[in-house]
>>> print(open('run_2.pdb').read())   # PDB, C-alpha atoms
ATOM      1  CA  MET A   1      -5.644 -12.034  12.614
ATOM      2  CA  ASN A   2      -6.001  -9.069  10.292
ATOM      3  CA  ARG A   3      -5.619  -9.151   6.531
ATOM      4  CA  LEU A   4      -3.895  -5.847   5.706
ATOM      5  CA  LEU A   5      -3.293  -4.131   2.388
ATOM      6  CA  LEU A   6      -0.331  -1.802   2.796
ATOM      7  CA  ASP A   7      -0.392   1.636   1.257
ATOM      8  CA  THR A   8       2.709   2.235  -0.866
ATOM      9  CA  ASN A   9       4.189   4.744   1.592
ATOM     10  CA  VAL A  10       3.539   2.460   4.547
ATOM     11  CA  TRP A  11       5.482  -0.339   2.869
ATOM     12  CA  LEU A  12       8.352   1.959   1.884
ATOM     13  CA  TRP A  13       8.526   3.438   5.399
ATOM     14  CA  SER A  14       8.611  -0.058   6.896
ATOM     15  CA  ILE A  15      11.884  -0.547   5.024
ATOM     16  CA  THR A  16      13.487   2.898   5.072
ATOM     17  CA  THR A  17      12.145   4.777   8.109
ATOM     18  CA  PRO A  18      10.077   2.479  10.344
ATOM     19  CA  ARG A  19       9.742   5.174  13.023
ATOM     20  CA  LYS A  20       7.304   6.960  10.675
ATOM     21  CA  LEU A  21       4.857   4.104  11.227
ATOM     22  CA  GLY A  22       4.496   4.907  14.907
ATOM     23  CA  ARG A  23       4.116   2.342  17.633
ATOM     24  CA  GLU A  24       0.723   1.068  16.416
ATOM     25  CA  GLY A  25       1.821   0.774  12.773
ATOM     26  CA  LEU A  26       4.968  -1.108  13.716
ATOM     27  CA  ARG A  27       2.995  -3.429  15.987
ATOM     28  CA  LEU A  28       0.587  -4.292  13.156
ATOM     29  CA  LEU A  29       3.341  -4.974  10.630
ATOM     30  CA  GLU A  30       5.485  -6.978  13.047
ATOM     31  CA  ASN A  31       2.596  -9.131  14.300
ATOM     32  CA  THR A  32       3.109 -12.434  12.491
ATOM     33  CA  ALA A  33      -0.574 -13.281  12.986
ATOM     34  CA  ASN A  34      -1.424 -10.538  10.480
ATOM     35  CA  GLU A  35      -1.490 -11.354   6.785
ATOM     36  CA  LEU A  36       0.175  -8.510   4.848
ATOM     37  CA  PHE A  37      -0.368  -7.697   1.171
ATOM     38  CA  LEU A  38       1.291  -5.297  -1.263
ATOM     39  CA  SER A  39      -0.516  -4.536  -4.492
ATOM     40  CA  ALA A  40       1.087  -4.666  -7.910
ATOM     41  CA  ALA A  41      -0.319  -1.121  -8.176
ATOM     42  CA  SER A  42       2.187  -0.099  -5.495
ATOM     43  CA  SER A  43       5.026  -1.658  -7.474
ATOM     44  CA  TRP A  44       3.811   0.239 -10.535
ATOM     45  CA  GLU A  45       3.690   3.501  -8.555
ATOM     46  CA  ILE A  46       7.194   2.891  -7.186
ATOM     47  CA  ALA A  47       8.539   2.108 -10.671
ATOM     48  CA  ILE A  48       7.043   5.275 -12.151
ATOM     49  CA  LYS A  49       8.352   7.508  -9.359
ATOM     50  CA  TYR A  50      11.768   5.826  -9.544
ATOM     51  CA  ARG A  51      11.951   6.374 -13.318
ATOM     52  CA  LEU A  52      10.977  10.039 -12.915
ATOM     53  CA  GLY A  53      13.707  10.511 -10.295
ATOM     54  CA  ARG A  54      11.164  11.243  -7.539
ATOM     55  CA  LEU A  55      11.892   8.103  -5.525
ATOM     56  CA  PRO A  56      15.513   7.202  -4.890
ATOM     57  CA  LEU A  57      16.088   3.502  -4.270
ATOM     58  CA  PRO A  58      19.353   1.652  -3.624
ATOM     59  CA  GLU A  59      18.659  -0.478  -6.703
ATOM     60  CA  PRO A  60      16.079  -0.595  -9.531
ATOM     61  CA  PRO A  61      12.521  -1.594  -8.534
ATOM     62  CA  HIS A  62      12.726  -5.029 -10.166
ATOM     63  CA  ARG A  63      15.620  -5.871  -7.828
ATOM     64  CA  PHE A  64      14.384  -3.879  -4.824
ATOM     65  CA  ILE A  65      10.751  -4.986  -4.418
ATOM     66  CA  PRO A  66      10.504  -8.794  -4.871
ATOM     67  CA  PRO A  67      13.250  -9.865  -2.430
ATOM     68  CA  ARG A  68      11.922  -7.573   0.292
ATOM     69  CA  LEU A  69       8.399  -8.943  -0.091
ATOM     70  CA  ILE A  70       9.773 -12.461   0.334
ATOM     71  CA  ARG A  71      12.034 -11.473   3.222
ATOM     72  CA  ASP A  72       9.193  -9.790   5.118
ATOM     73  CA  GLY A  73       6.527 -12.384   4.322
ATOM     74  CA  ILE A  74       4.349  -9.907   2.418
ATOM     75  CA  LYS A  75       2.041 -11.436  -0.151
ATOM     76  CA  PRO A  76       1.805  -9.863  -3.597
ATOM     77  CA  LEU A  77      -1.685  -8.833  -4.694
ATOM     78  CA  ALA A  78      -2.230  -8.819  -8.449
ATOM     79  CA  VAL A  79      -4.366  -6.164 -10.102
ATOM     80  CA  GLU A  80      -7.343  -7.914 -11.664
ATOM     81  CA  HIS A  81      -9.959  -6.572 -14.043
ATOM     82  CA  HIS A  82     -12.618  -6.536 -11.340
ATOM     83  CA  HIS A  83     -10.351  -4.349  -9.184
ATOM     84  CA  ALA A  84      -9.848  -1.861 -12.008
ATOM     85  CA  CYS A  85     -13.561  -1.817 -12.868
ATOM     86  CA  HIS A  86     -14.528  -1.309  -9.220
ATOM     87  CA  VAL A  87     -12.739   2.061  -9.257
ATOM     88  CA  ALA A  88     -15.764   3.391 -11.206
ATOM     89  CA  ASN A  89     -17.941   2.694  -8.141
ATOM     90  CA  LEU A  90     -15.866   4.876  -5.834
ATOM     91  CA  PRO A  91     -16.989   8.403  -4.979
ATOM     92  CA  ASP A  92     -14.697  11.218  -6.117
ATOM     93  CA  LEU A  93     -13.149  11.810  -2.711
ATOM     94  CA  HIS A  94      -9.566  11.545  -3.902
ATOM     95  CA  ARG A  95      -8.075  11.789  -7.378
ATOM     96  CA  ASP A  96      -4.845   9.805  -7.042
ATOM     97  CA  PRO A  97      -5.325   6.797  -9.369
ATOM     98  CA  PHE A  98      -3.014   4.540  -7.346
ATOM     99  CA  ASP A  99      -4.846   5.231  -4.093
ATOM    100  CA  ARG A 100      -8.213   4.718  -5.771
ATOM    101  CA  LEU A 101      -7.111   1.343  -7.103
ATOM    102  CA  LEU A 102      -5.779   0.320  -3.686
ATOM    103  CA  ILE A 103      -9.118   1.285  -2.091
ATOM    104  CA  ALA A 104     -10.964  -0.746  -4.747
ATOM    105  CA  GLN A 105      -8.737  -3.749  -4.017
ATOM    106  CA  ALA A 106      -9.240  -3.428  -0.266
ATOM    107  CA  GLN A 107     -13.007  -3.286  -0.758
ATOM    108  CA  THR A 108     -13.299  -6.186  -3.179
ATOM    109  CA  GLU A 109     -10.799  -8.440  -1.376
ATOM    110  CA  HIS A 110     -12.117  -7.574   2.122
ATOM    111  CA  LEU A 111      -8.777  -6.281   3.327
ATOM    112  CA  ALA A 112      -8.146  -3.588   5.891
ATOM    113  CA  PHE A 113      -6.196  -0.743   4.295
ATOM    114  CA  ILE A 114      -3.316   0.604   6.356
ATOM    115  CA  THR A 115      -2.324   4.151   5.443
ATOM    116  CA  ALA A 116      -1.197   7.477   6.850
ATOM    117  CA  ASP A 117      -3.195   9.427   4.251
ATOM    118  CA  GLN A 118      -6.017  11.166   6.121
ATOM    119  CA  ARG A 119      -7.638  12.119   2.789
ATOM    120  CA  LEU A 120      -8.717   8.495   2.319
ATOM    121  CA  LYS A 121     -10.636   8.131   5.590
ATOM    122  CA  ASP A 122     -14.073   8.770   4.072
ATOM    123  CA  TYR A 123     -14.016   5.753   1.766
ATOM    124  CA  LYS A 124     -16.194   2.852   2.826
ATOM    125  CA  VAL A 125     -13.465   0.370   3.637
ATOM    126  CA  GLU A 126     -11.956  -0.942   6.826
ATOM    127  CA  MET A 127      -9.091   1.458   7.306
ATOM    128  CA  ILE A 128      -6.276   1.701   9.794
ATOM    129  CA  LEU A 129      -4.903   5.222   9.867
ATOM    130  CA  ILE A 130      -1.441   5.518  11.324
ATOM    131  CA  ASN A 131       0.143   8.719  12.515
ATOM    132  CA  HIS A 132       3.508   9.518  11.066
TER     133      HIS A 132
END
>>> encode(input="run_2.pdb", output="structure tokens")
Amino acid sequence: MNRLLLDTNVWLWSITTPRKLGREGLRLLENTANELFLSAASSWEIAIKYRLGRLPLPEPPHRFIPPRLIRDGIKPLAVEHHHACHVANLPDLHRDPFDRLLIAQAQTEHLAFITADQRLKDYKVEMILINH
């Protein structure tokens, strides 16, 4: 069993365009032995992009996200102070604040981080890079 923290794009693709996850990504997400997590930071990122008109959704984030997490058996991961503070320990390999917080959460919670973002591969965290 793997404990996986989903990158925001990975979670969105699993709903909208699963083929982008590739065979390996789909296998990981569909394997019921894996424990899947989505961070509140991802919900925050989705809400911001939705509000700015950069992320079209069929309904507002507060109605889109929670029921899909429940439906797909994905556990919500709250952002805690120790997660936010851990960001200061990360090297400056990537400047996106959402990604940095997700990396900090994966490190502190001992979760594998599943992403398609090759720019994150140099962080010291168990990472599963999928090809999209």
>>> axis_aligned_box(input="run_2.pdb", around="segment 5-21 of chain A", padding_each_side="5 Å", output="JSON")
{"center_x": 5.1, "center_y": 1.4, "center_z": 6.1, "size_x": 26.8, "size_y": 21.1, "size_z": 23.9}
>>> closest_residue(input="run_2.pdb", among="A:Glu35, A:Glu24, A:Glu59, A:Asp7", to="Leu101 of chain A", atoms="only C-alpha atoms")
A:Asp7
>>> atom_distance(input="run_2.pdb", atom1="atom CA of Ile46 of chain A", atom2="atom CA of Pro61 of chain A")
7.1 Å
>>> residues_around(input="run_2.pdb", residues="Trp44 of chain A", least_positions_apart="4", cutoff="10 Å", atoms="all atoms listed in the file", output="VMD selection string")
chain A and resid 8 39 to 40 48 to 50 61 98
>>> closest_residue(input="run_2.pdb", among="A:Leu28, A:Ile128, A:Ala41, A:Leu5", to="His110 of chain A", atoms="only C-alpha atoms")
A:Leu5
>>> residues_around(input="run_2.pdb", residues="Asp99 of chain A", least_positions_apart="6", cutoff="12 Å", atoms="only C-alpha atoms", output="mmCIF file with C-alpha atoms, in the coordinates of the input")
data_model
loop_
_atom_site.group_PDB
_atom_site.id
_atom_site.type_symbol
_atom_site.label_atom_id
_atom_site.label_comp_id
_atom_site.auth_asym_id
_atom_site.auth_seq_id
_atom_site.Cartn_x
_atom_site.Cartn_y
_atom_site.Cartn_z
ATOM 1 C CA LEU A 5 -3.293 -4.131 2.388
ATOM 2 C CA LEU A 6 -0.331 -1.802 2.796
ATOM 3 C CA ASP A 7 -0.392 1.636 1.257
ATOM 4 C CA THR A 8 2.709 2.235 -0.866
ATOM 5 C CA ASN A 9 4.189 4.744 1.592
ATOM 6 C CA SER A 39 -0.516 -4.536 -4.492
ATOM 7 C CA ALA A 41 -0.319 -1.121 -8.176
ATOM 8 C CA SER A 42 2.187 -0.099 -5.495
ATOM 9 C CA TRP A 44 3.811 0.239 -10.535
ATOM 10 C CA GLU A 45 3.690 3.501 -8.555
ATOM 11 C CA ALA A 84 -9.848 -1.861 -12.008
ATOM 12 C CA VAL A 87 -12.739 2.061 -9.257
ATOM 13 C CA LEU A 90 -15.866 4.876 -5.834
ATOM 14 C CA ASP A 92 -14.697 11.218 -6.117
ATOM 15 C CA LEU A 93 -13.149 11.810 -2.711
ATOM 16 C CA GLN A 105 -8.737 -3.749 -4.017
ATOM 17 C CA ALA A 106 -9.240 -3.428 -0.266
ATOM 18 C CA PHE A 113 -6.196 -0.743 4.295
ATOM 19 C CA ILE A 114 -3.316 0.604 6.356
ATOM 20 C CA THR A 115 -2.324 4.151 5.443
ATOM 21 C CA ALA A 116 -1.197 7.477 6.850
ATOM 22 C CA ASP A 117 -3.195 9.427 4.251
ATOM 23 C CA GLN A 118 -6.017 11.166 6.121
ATOM 24 C CA ARG A 119 -7.638 12.119 2.789
ATOM 25 C CA LEU A 120 -8.717 8.495 2.319
ATOM 26 C CA LYS A 121 -10.636 8.131 5.590
ATOM 27 C CA TYR A 123 -14.016 5.753 1.766
#
>>> atom_distance(input="run_2.pdb", atom1="atom CA of Leu129 of chain A", atom2="atom CA of Asn89 of chain A")
22.4 Å
